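J.: Coordinates in coords27.txt, compact mmCIF, C-alpha atoms and all ligand atoms, are listed below.
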```txt
# COMPACT_ATOMS: atom_id res chain seq x y z
CA HIS A 1 -9.65 -27.76 9.96
CA LEU A 2 -9.43 -24.01 9.77
CA SER A 3 -12.19 -23.50 7.21
CA ALA A 4 -14.65 -25.53 9.29
CA LEU A 5 -14.50 -22.76 11.91
CA ALA A 6 -15.80 -20.06 9.55
CA ASP A 7 -18.96 -19.53 7.54
CA PHE A 8 -17.12 -17.49 4.92
CA PRO A 9 -14.27 -18.51 2.58
CA ILE A 10 -10.89 -19.33 4.09
CA GLY A 11 -8.50 -19.21 1.20
CA VAL A 12 -4.91 -19.82 0.26
CA ALA A 13 -2.83 -18.70 -2.72
CA VAL A 14 -1.23 -21.61 -4.50
CA PRO A 15 1.51 -22.17 -7.05
CA ALA A 16 0.25 -24.04 -10.10
CA GLY A 17 1.03 -24.61 -13.76
CA ASP A 18 4.63 -25.64 -14.33
CA ALA A 19 5.98 -24.11 -11.09
CA ASP A 20 8.39 -26.49 -9.30
CA ASN A 21 6.18 -26.32 -6.24
CA SER A 22 2.86 -26.59 -8.11
CA LEU A 23 0.01 -27.66 -5.86
CA LEU A 24 -1.09 -30.19 -8.45
CA ASN A 25 2.21 -32.09 -8.16
CA SER A 26 2.64 -31.89 -4.40
CA THR A 27 0.81 -34.25 -2.09
CA GLU A 28 2.20 -32.46 0.98
CA ARG A 29 0.70 -29.18 -0.19
CA GLN A 30 -2.55 -30.84 -1.20
CA THR A 31 -2.94 -32.36 2.24
CA ILE A 32 -2.64 -28.95 3.90
CA VAL A 33 -4.90 -27.23 1.40
CA GLU A 34 -7.62 -29.89 1.60
CA THR A 35 -7.49 -29.96 5.40
CA HIS A 36 -7.63 -26.25 6.14
CA PHE A 37 -8.93 -24.21 3.20
CA ASN A 38 -12.05 -23.97 1.08
CA GLN A 39 -11.02 -21.36 -1.45
CA LEU A 40 -8.02 -21.04 -3.78
CA SER A 41 -6.36 -18.06 -5.42
CA ALA A 42 -3.81 -18.73 -8.15
CA GLU A 43 -0.58 -17.12 -6.97
CA ASN A 44 0.45 -16.42 -10.58
CA ILE A 45 -1.20 -18.43 -13.33
CA MET A 46 -4.33 -16.30 -13.72
CA LYS A 47 -2.34 -13.14 -14.37
CA ALA A 48 -2.23 -11.68 -17.88
CA GLN A 49 1.43 -12.67 -18.23
CA TYR A 50 0.37 -16.33 -18.06
CA MET A 51 -3.04 -16.37 -19.72
CA ARG A 52 -2.34 -13.99 -22.62
CA PRO A 53 0.50 -15.27 -24.79
CA ALA A 54 -0.35 -12.83 -27.59
CA GLN A 55 -3.00 -10.33 -28.55
CA GLY A 56 -6.14 -12.26 -29.45
CA GLU A 57 -4.81 -15.42 -27.76
CA PHE A 58 -5.78 -16.98 -24.48
CA ASP A 59 -4.22 -19.91 -22.62
CA PHE A 60 -6.53 -21.27 -19.96
CA GLU A 61 -5.05 -24.74 -19.58
CA ASP A 62 -3.31 -24.28 -16.22
CA ALA A 63 -6.16 -22.30 -14.74
CA ASP A 64 -8.73 -24.83 -15.91
CA ALA A 65 -6.70 -27.62 -14.26
CA LEU A 66 -6.52 -25.70 -10.99
CA ILE A 67 -10.24 -24.96 -11.05
CA ALA A 68 -10.98 -28.63 -11.73
CA TYR A 69 -8.89 -29.55 -8.68
CA ALA A 70 -10.78 -26.99 -6.58
CA ASN A 71 -14.14 -28.26 -7.77
CA ASN A 72 -13.19 -31.88 -7.05
CA ASN A 73 -12.35 -30.86 -3.51
CA GLY A 74 -15.35 -28.65 -2.82
CA MET A 75 -13.39 -25.41 -2.89
CA SER A 76 -14.32 -22.15 -4.58
CA VAL A 77 -11.85 -20.04 -6.56
CA HIS A 78 -11.11 -16.33 -6.31
CA GLY A 79 -9.87 -14.92 -9.64
CA HIS A 80 -6.60 -13.01 -9.44
CA VAL A 81 -6.25 -10.74 -11.41
CA LEU A 82 -7.80 -8.94 -14.42
CA VAL A 83 -6.05 -5.55 -14.52
CA TRP A 84 -2.67 -4.89 -12.93
CA HIS A 85 0.39 -2.84 -13.92
CA ASN A 86 2.63 -5.80 -13.05
CA GLN A 87 3.05 -9.16 -14.76
CA MET A 88 1.65 -7.85 -18.05
CA PRO A 89 2.86 -9.74 -21.12
CA GLN A 90 5.28 -7.85 -23.34
CA TRP A 91 2.78 -7.48 -26.20
CA MET A 92 0.38 -5.76 -23.80
CA GLN A 93 3.05 -3.36 -22.56
CA ASP A 94 3.99 -2.61 -26.16
CA PHE A 95 0.39 -2.25 -27.33
CA ASP A 96 0.20 0.58 -29.83
CA GLY A 97 -2.98 2.55 -29.46
CA ASP A 98 -4.55 5.75 -28.21
CA ALA A 99 -6.84 5.89 -25.17
CA SER A 100 -9.75 4.32 -27.01
CA GLY A 101 -7.50 1.63 -28.48
CA TRP A 102 -6.27 0.77 -24.99
CA GLN A 103 -9.83 0.74 -23.69
CA GLN A 104 -10.80 -1.72 -26.40
CA MET A 105 -7.78 -3.89 -25.59
CA LEU A 106 -8.67 -3.82 -21.88
CA GLU A 107 -12.31 -4.69 -22.61
CA ASP A 108 -11.31 -7.53 -24.94
CA HIS A 109 -8.97 -8.89 -22.27
CA ILE A 110 -11.64 -8.84 -19.61
CA ALA A 111 -14.38 -10.18 -21.89
CA GLY A 112 -12.13 -13.04 -22.98
CA VAL A 113 -10.79 -13.97 -19.56
CA ALA A 114 -13.76 -13.32 -17.29
CA GLY A 115 -16.06 -14.68 -20.01
CA HIS A 116 -14.16 -17.98 -20.09
CA PHE A 117 -14.56 -18.53 -16.35
CA VAL A 118 -18.23 -17.56 -16.00
CA GLY A 119 -19.94 -19.67 -13.36
CA GLN A 120 -16.64 -21.06 -12.08
CA LEU A 121 -15.34 -18.24 -9.91
CA GLU A 122 -16.69 -16.86 -6.67
CA SER A 123 -15.07 -13.49 -7.22
CA TRP A 124 -12.48 -11.47 -9.15
CA ASP A 125 -9.81 -8.97 -8.29
CA VAL A 126 -10.82 -6.68 -11.13
CA VAL A 127 -8.22 -3.96 -10.59
CA ASN A 128 -5.09 -4.36 -8.49
CA GLU A 129 -2.83 -1.67 -7.01
CA ALA A 130 -4.04 1.43 -8.86
CA PHE A 131 -2.89 3.81 -6.11
CA LEU A 132 0.41 4.79 -4.56
CA ASP A 133 0.82 5.00 -0.82
CA ASP A 134 0.36 8.78 -0.83
CA GLY A 135 -3.13 8.30 -2.31
CA SER A 136 -2.28 9.50 -5.81
CA TYR A 137 -3.03 7.35 -8.82
CA ARG A 138 -0.12 5.13 -9.79
CA ASN A 139 1.05 6.94 -12.89
CA PHE A 140 3.80 6.56 -15.46
CA GLN A 141 5.98 9.59 -15.30
CA SER A 142 9.43 8.12 -15.19
CA GLY A 143 9.09 4.87 -17.05
CA ASN A 144 9.66 3.06 -13.77
CA GLU A 145 8.29 -0.47 -14.00
CA ALA A 146 6.42 0.07 -10.75
CA GLU A 147 4.20 2.57 -12.51
CA SER A 148 1.00 1.91 -14.42
CA LEU A 149 0.66 1.85 -18.19
CA TRP A 150 -3.10 1.56 -17.74
CA TYR A 151 -3.18 4.97 -16.08
CA GLN A 152 -0.68 6.47 -18.50
CA LYS A 153 -2.73 5.41 -21.51
CA MET A 154 -6.29 5.88 -20.25
CA GLY A 155 -6.27 8.04 -17.12
CA LYS A 156 -8.22 7.01 -14.05
CA ASP A 157 -11.26 5.90 -16.08
CA TYR A 158 -9.56 2.59 -16.81
CA ILE A 159 -10.80 1.48 -13.40
CA LYS A 160 -14.39 2.20 -14.27
CA HIS A 161 -14.07 0.56 -17.69
CA ALA A 162 -12.60 -2.53 -16.05
CA PHE A 163 -15.46 -2.93 -13.56
CA VAL A 164 -18.08 -2.38 -16.25
CA ALA A 165 -16.42 -4.94 -18.54
CA ALA A 166 -16.09 -7.46 -15.70
CA ARG A 167 -19.77 -7.18 -14.85
CA ASN A 168 -20.73 -7.46 -18.51
CA ALA A 169 -18.67 -10.64 -18.77
CA ASP A 170 -19.81 -12.23 -15.50
CA ALA A 171 -23.18 -11.32 -14.04
CA ASP A 172 -22.65 -13.06 -10.70
CA ALA A 173 -19.04 -13.00 -9.52
CA ASP A 174 -18.17 -10.62 -6.69
CA LEU A 175 -15.98 -7.82 -8.07
CA TYR A 176 -13.16 -6.44 -5.94
CA TYR A 177 -10.73 -3.58 -6.03
CA ASN A 178 -7.54 -4.95 -4.40
CA ASP A 179 -4.51 -3.15 -2.95
CA TYR A 180 -1.71 -3.31 -0.38
CA ASN A 181 -0.92 -0.99 2.52
CA LEU A 182 -4.59 -0.08 3.00
CA ASN A 183 -3.88 -1.12 6.59
CA TRP A 184 -0.99 1.29 6.78
CA SER A 185 -1.61 4.42 4.71
CA ASP A 186 -4.69 6.47 5.60
CA SER A 187 -4.20 8.48 2.39
CA LYS A 188 -4.25 5.35 0.30
CA LEU A 189 -7.33 3.90 2.00
CA SER A 190 -9.14 7.19 1.65
CA ALA A 191 -8.24 7.40 -2.06
CA VAL A 192 -9.61 3.88 -2.53
CA THR A 193 -12.87 4.51 -0.66
CA THR A 194 -13.35 7.77 -2.60
CA MET A 195 -12.80 5.93 -5.89
CA ALA A 196 -15.23 3.19 -4.83
CA GLN A 197 -17.87 5.76 -3.85
CA GLU A 198 -17.46 7.42 -7.26
CA LEU A 199 -18.02 4.10 -8.99
CA LEU A 200 -21.13 3.50 -6.92
CA ASP A 201 -22.40 7.02 -7.67
CA ASP A 202 -21.90 6.29 -11.37
CA GLY A 203 -23.94 3.11 -11.06
CA VAL A 204 -20.88 0.90 -11.60
CA ASP A 205 -20.99 -2.44 -9.84
CA ILE A 206 -18.19 -2.95 -7.33
CA THR A 207 -18.78 -5.55 -4.62
CA GLY A 208 -15.92 -4.99 -2.26
CA ILE A 209 -12.42 -3.96 -1.35
CA GLY A 210 -9.56 -6.44 -1.04
CA PHE A 211 -7.02 -5.72 1.66
CA GLN A 212 -3.88 -7.58 0.61
CA MET A 213 -2.38 -7.38 4.11
CA HIS A 214 1.26 -8.16 3.43
CA VAL A 215 2.14 -6.88 6.88
CA ASP A 216 4.94 -6.94 9.41
CA VAL A 217 4.92 -7.25 13.19
CA GLY A 218 3.81 -3.62 13.48
CA VAL A 219 0.20 -4.33 12.48
CA LYS A 220 -2.27 -2.96 15.06
CA LYS A 221 -5.69 -4.46 15.69
CA ALA A 222 -7.44 -1.25 16.80
CA LYS A 223 -6.29 0.65 13.73
CA LEU A 224 -7.24 -2.21 11.45
CA LYS A 225 -10.77 -2.21 12.83
CA GLU A 226 -11.14 1.47 11.92
CA GLN A 227 -9.88 0.72 8.42
CA PHE A 228 -12.25 -2.20 7.81
CA GLN A 229 -15.06 -0.03 9.21
CA GLU A 230 -14.50 2.61 6.51
CA VAL A 231 -15.27 0.00 3.85
CA VAL A 232 -18.18 -1.49 5.79
CA ASP A 233 -19.65 2.04 6.04
CA LEU A 234 -19.81 2.13 2.23
CA GLY A 235 -21.83 -1.08 2.29
CA LEU A 236 -19.02 -2.91 0.48
CA LYS A 237 -17.61 -6.34 1.26
CA VAL A 238 -14.21 -6.66 2.87
CA LYS A 239 -11.93 -9.47 1.75
CA ILE A 240 -8.47 -10.07 3.17
CA THR A 241 -6.92 -11.30 -0.05
CA GLU A 242 -3.23 -11.97 0.54
CA VAL A 243 -2.30 -11.98 4.21
CA ASP A 244 1.20 -12.85 5.33
CA ILE A 245 3.12 -11.58 8.36
CA ARG A 246 6.84 -11.13 7.75
CA MET A 247 9.03 -11.30 10.81
CA ASN A 248 12.54 -10.76 9.59
CA GLY A 249 12.79 -7.02 9.09
CA ASN A 250 16.26 -6.93 10.63
CA ASN A 251 17.40 -10.09 8.85
CA SER A 252 18.30 -12.17 11.87
CA GLU A 253 18.04 -15.93 12.13
CA ASP A 254 16.80 -15.41 15.66
CA ASN A 255 13.55 -14.17 14.19
CA ALA A 256 12.33 -17.73 13.62
CA SER A 257 12.66 -18.29 17.39
CA ALA A 258 9.87 -19.34 19.71
CA PRO A 259 9.01 -15.88 21.13
CA LEU A 260 8.65 -14.41 17.67
CA LEU A 261 6.54 -17.30 16.46
CA LEU A 262 4.23 -16.62 19.41
CA ASN A 263 4.14 -12.95 18.51
CA GLN A 264 3.18 -13.93 14.97
CA LYS A 265 0.47 -16.21 16.36
CA ALA A 266 -0.99 -13.28 18.32
CA LEU A 267 -0.88 -11.05 15.26
CA TYR A 268 -2.71 -13.56 13.05
CA ARG A 269 -5.32 -13.77 15.81
CA ASP A 270 -5.54 -9.96 16.00
CA ILE A 271 -6.07 -9.61 12.26
CA VAL A 272 -8.79 -12.25 12.18
CA GLU A 273 -10.43 -10.80 15.30
CA ALA A 274 -10.40 -7.30 13.82
CA TYR A 275 -12.20 -8.75 10.81
CA MET A 276 -14.77 -10.68 12.86
CA GLU A 277 -15.47 -7.74 15.17
CA THR A 278 -15.91 -5.18 12.39
CA VAL A 279 -17.22 -6.83 9.24
CA PRO A 280 -20.82 -8.08 9.51
CA PRO A 281 -21.48 -11.59 8.15
CA ALA A 282 -23.15 -10.35 4.95
CA LEU A 283 -20.05 -8.33 4.04
CA ARG A 284 -17.43 -11.00 4.76
CA GLY A 285 -15.74 -11.88 1.48
CA GLY A 286 -13.29 -14.14 3.28
CA ILE A 287 -9.68 -14.33 4.36
CA THR A 288 -6.90 -15.69 2.14
CA VAL A 289 -3.32 -16.43 3.17
CA TRP A 290 -0.70 -15.71 0.46
CA GLY A 291 0.97 -19.09 0.33
CA ILE A 292 0.98 -22.50 1.96
CA ALA A 293 4.38 -23.02 3.59
CA ASP A 294 7.16 -20.59 4.52
CA MET A 295 9.76 -21.67 1.96
CA ASP A 296 7.31 -20.92 -0.85
CA SER A 297 6.59 -17.37 0.29
CA TRP A 298 7.18 -14.52 -2.18
CA ILE A 299 8.36 -12.41 0.79
CA ILE A 300 11.71 -14.22 0.71
CA TYR A 301 12.27 -13.06 -2.87
CA LEU A 302 10.87 -9.60 -2.30
CA TYR A 303 13.16 -8.78 0.62
CA GLY A 304 16.05 -11.00 -0.39
CA ASN A 305 16.48 -12.67 2.99
CA ASP A 306 14.93 -15.56 4.82
CA ASP A 307 11.51 -15.14 6.40
CA TRP A 308 8.67 -17.16 7.93
CA PRO A 309 5.43 -15.32 7.07
CA LEU A 310 2.87 -18.13 6.69
CA LEU A 311 0.88 -20.66 8.72
CA PHE A 312 3.05 -23.72 7.93
CA ASP A 313 6.82 -24.11 8.17
CA SER A 314 9.15 -25.38 5.51
CA GLU A 315 8.62 -28.99 6.65
CA PHE A 316 4.84 -28.53 6.23
CA ASN A 317 4.27 -28.49 10.00
CA ALA A 318 1.60 -26.23 11.44
CA LYS A 319 3.07 -23.19 13.16
CA PRO A 320 1.62 -21.37 16.16
CA ALA A 321 0.27 -18.91 13.58
CA LEU A 322 -2.30 -21.52 12.45
CA GLN A 323 -3.70 -21.72 15.97
CA GLY A 324 -3.65 -17.92 16.18
CA PHE A 325 -5.76 -17.69 13.02
CA ALA A 326 -8.16 -20.33 14.39
CA ASP A 327 -8.42 -18.53 17.75
CA GLY A 328 -9.54 -15.38 15.95
CA LEU A 329 -12.47 -17.06 14.18
C1 LIG A 401 3.38 -12.23 -6.30
C2 LIG A 401 3.65 -13.73 -6.33
O1 LIG A 401 3.48 -14.23 -5.02
C3 LIG A 401 5.05 -14.01 -6.83
O2 LIG A 401 5.24 -15.40 -7.02
C4 LIG A 401 5.29 -13.27 -8.15
O3 LIG A 401 6.63 -13.44 -8.54
C5 LIG A 401 4.96 -11.80 -8.03
O4 LIG A 401 3.64 -11.66 -7.56
N1 LIG A 401 0.39 -8.43 -4.70
C6 LIG A 401 -0.33 -9.20 -5.57
C7 LIG A 401 0.17 -10.54 -5.95
O5 LIG A 401 -1.45 -8.82 -5.92
O6 LIG A 401 -0.18 -10.88 -7.26
C8 LIG A 401 1.65 -10.65 -5.77
O7 LIG A 401 2.02 -12.01 -5.99
C9 LIG A 401 2.06 -10.19 -4.40
C10 LIG A 401 1.69 -8.75 -4.21
```
Translate this file's structure into structure tokens.
T.:
Amino acid sequence: HLSALADFPIGVAVPAGDADNSLLNSTERQTIVETHFNQLSAENIMKAQYMRPAQGEFDFEDADALIAYANNNGMSVHGHVLVWHNQMPQWMQDFDGDASGWQQMLEDHIAGVAGHFVGQLESWDVVNEAFLDDGSYRNFQSGNEAESLWYQKMGKDYIKHAFVAARNADADADLYYNDYNLNWSDSKLSAVTTMAQELLDDGVDITGIGFQMHVDVGVKKAKLKEQFQEVVDLGLKVKITEVDIRMNGNNSEDNASAPLLLNQKALYRDIVEAYMETVPPALRGGITVWGIADMDSWIIYLYGNDDWPLLFDSEFNAKPALQGFADGL
């Protein structure tokens, strides 16, 4: 009972909707989720690609079903995600408008989505992945799909507009800026804390910073503590939003072996300990693992080879990593 060991949310990202491995159709997954977690993130179904079939249209059916499941089981829900350059529906990518047209479209999106879920979500990832690892804004210079249309159309102010719109739509939810590699790139973390400070100086409400934490076996506890501390020093909450620890950088089947699973256990413990030792209780937004069991992990698709990044194996058995996480709490 992992979540019983913490007085802040212990979350897990779950497949839902019509995914083959949807939580709502899987008793094995439900057993794990109900035993160990008290917060859910939708791995995909609350992204614009899924909730916005067309301009002016909203499809909340899958998300409503997931939230109903969470409520029935005493779990809160973290909203993921309002504004992201990825998984945008085609109509949104093709939206024809100048900067103010795009701003209106962004505000309508947030008002419609965040407005629908008022009172049902603990928190939102308002903006996801606005920076590159070198600390520059993710732009759109080459038409590469990894780059941001939001920035291309509106400049950096889209971030501010998004936070203002989210707060207008939902007076109570915690509002996060979320990104990856904040544990790895000092330039990126510093760009994010500078952006957050600017929002605060402008009187814009931002509650915290989400560290995705898709990490490998190189993650270092001492460094991580310094990184969390930078956010704590701003008075903002820290939420670990998407942790997984990939082990198969050199694509070897040996990497699922006992010594490596023990290394992974120690690293989960280190990450949780870094959090507990640095983030004071009032600023703990929680810790969420990005997936239930190894065979469901997005890491396998991202890197194109097998991997074992999560707390449960592909037979739904607890791995040493689960104990490592618990030891850190
Ligand atoms: C990933 C999902 O896990 C995959 O199923 C999907 O195909 C792509 O997106 N950062 C994020 C998440 O903020 O939304 C991403 O989730 C993983 C990286």
J.: Which of these residues is nearest to ligand LIG 401 (chain A), using only C-alpha atoms and all ligand atoms: A:Asn178, A:Thr35, A:Asn139, A:Ser3?
T.: A:Asn178
J.: Any chance you could tabulate, as a tab-separated table, the residues of chain A at most 10 Å from ligand LIG 401 (chain A) with each one's nearest atom pair and distance in Å to one decimal, using only C-alpha atoms and all ligand atoms, in chain and rising number order?
T.:
```
residue	atom	partner	partner_atom	distance
A:Ala13	CA	A:LIG401	O1	8.1
A:Val14	CA	A:LIG401	O1	8.8
A:Pro15	CA	A:LIG401	O2	7.7
A:Ala19	CA	A:LIG401	O2	9.6
A:Ser41	CA	A:LIG401	O6	9.7
A:Ala42	CA	A:LIG401	O6	8.7
A:Glu43	CA	A:LIG401	O1	5.4
A:Asn44	CA	A:LIG401	C2	6.0
A:Ile45	CA	A:LIG401	O2	9.5
A:Met46	CA	A:LIG401	O6	9.4
A:Lys47	CA	A:LIG401	O6	7.8
A:His80	CA	A:LIG401	O6	7.1
A:Val81	CA	A:LIG401	O6	7.4
A:Trp84	CA	A:LIG401	O5	8.1
A:Asn86	CA	A:LIG401	O4	8.1
A:Gln87	CA	A:LIG401	C5	7.5
A:Asp125	CA	A:LIG401	O5	8.7
A:Val127	CA	A:LIG401	O5	9.6
A:Asn128	CA	A:LIG401	O5	6.3
A:Glu129	CA	A:LIG401	O5	7.4
A:Asn178	CA	A:LIG401	O5	7.4
A:Asp179	CA	A:LIG401	O5	7.1
A:Tyr180	CA	A:LIG401	N1	7.0
A:Gly210	CA	A:LIG401	O5	9.8
A:Phe211	CA	A:LIG401	O5	9.9
A:Gln212	CA	A:LIG401	N1	6.9
A:Met213	CA	A:LIG401	N1	9.3
A:His214	CA	A:LIG401	C10	7.7
A:Thr241	CA	A:LIG401	O5	8.4
A:Glu242	CA	A:LIG401	N1	7.3
A:Val243	CA	A:LIG401	C9	9.8
A:Trp290	CA	A:LIG401	O1	7.0
A:Gly291	CA	A:LIG401	O1	7.7
A:Asp296	CA	A:LIG401	O2	8.5
A:Ser297	CA	A:LIG401	O1	6.9
A:Trp298	CA	A:LIG401	O1	4.7
A:Ile299	CA	A:LIG401	O1	7.8
A:Tyr301	CA	A:LIG401	O3	8.0
A:Leu302	CA	A:LIG401	O3	8.5
```
J.: With C-alpha atoms kept, could you save the residues just selected as a short mmCIF file (atom, residue, chain, number, x, y, z; two decimals), in the frame of the given file?
T.:
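Dumped everything to part.cif:
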```
data_model
loop_
_atom_site.label_atom_id
_atom_site.label_comp_id
_atom_site.auth_asym_id
_atom_site.auth_seq_id
_atom_site.Cartn_x
_atom_site.Cartn_y
_atom_site.Cartn_z
CA ALA A 13 -2.83 -18.70 -2.72
CA VAL A 14 -1.23 -21.61 -4.50
CA PRO A 15 1.51 -22.17 -7.05
CA ALA A 19 5.98 -24.11 -11.09
CA SER A 41 -6.36 -18.06 -5.42
CA ALA A 42 -3.81 -18.73 -8.15
CA GLU A 43 -0.58 -17.12 -6.97
CA ASN A 44 0.45 -16.42 -10.58
CA ILE A 45 -1.20 -18.43 -13.33
CA MET A 46 -4.33 -16.30 -13.72
CA LYS A 47 -2.34 -13.14 -14.37
CA HIS A 80 -6.60 -13.01 -9.44
CA VAL A 81 -6.25 -10.74 -11.41
CA TRP A 84 -2.67 -4.89 -12.93
CA ASN A 86 2.63 -5.80 -13.05
CA GLN A 87 3.05 -9.16 -14.76
CA ASP A 125 -9.81 -8.97 -8.29
CA VAL A 127 -8.22 -3.96 -10.59
CA ASN A 128 -5.09 -4.36 -8.49
CA GLU A 129 -2.83 -1.67 -7.01
CA ASN A 178 -7.54 -4.95 -4.40
CA ASP A 179 -4.51 -3.15 -2.95
CA TYR A 180 -1.71 -3.31 -0.38
CA GLY A 210 -9.56 -6.44 -1.04
CA PHE A 211 -7.02 -5.72 1.66
CA GLN A 212 -3.88 -7.58 0.61
CA MET A 213 -2.38 -7.38 4.11
CA HIS A 214 1.26 -8.16 3.43
CA THR A 241 -6.92 -11.30 -0.05
CA GLU A 242 -3.23 -11.97 0.54
CA VAL A 243 -2.30 -11.98 4.21
CA TRP A 290 -0.70 -15.71 0.46
CA GLY A 291 0.97 -19.09 0.33
CA ASP A 296 7.31 -20.92 -0.85
CA SER A 297 6.59 -17.37 0.29
CA TRP A 298 7.18 -14.52 -2.18
CA ILE A 299 8.36 -12.41 0.79
CA TYR A 301 12.27 -13.06 -2.87
CA LEU A 302 10.87 -9.60 -2.30
#
```
J.: So that I can see what lies close to Leu322 (chain A), please list as an MDAnalysis selection string the residues with an atom at most 6 Å from it, counting all atoms listed in the file and leaving out residues fewer than 3 positions away in the same chain.
T.: chainID A and resid 311 319 325
J.: When you count all atoms listed in the file, which of these residues is closest to Ser190 (chain A): A:Ile110, A:Leu132, A:Val272, A:Ile245?
T.: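 Counting all atoms listed in the file, the residue closest to Ser190 (chain A) is A:Leu132.
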J.: Could you check which residues have any atom within 12 Å of (12.2, -14.5, 8.9), counting all atoms listed in the file with coordinates taken straight from the file, and then list them as a ChimeraX atom specification?
T.: /A:216-217,244-257,260-261,264,294-295,297,299-301,303-310,313-314
J.: Rounded to one decimal in Å, what is the spacing between CA of Arg269 (chain A) and CA of Asn38 (chain A)?
T.: 19.1 Å
J.: Could you put an axis-aligned box around every listed atom of region 53-67 of chain A, padded by 6 Å on each side, and send me its centre and edge lengths in Å to one decimal, as JSON?
T.:
```
{"center_x": -4.9, "center_y": -19.0, "center_z": -20.2, "size_x": 22.7, "size_y": 29.3, "size_z": 30.5}
```
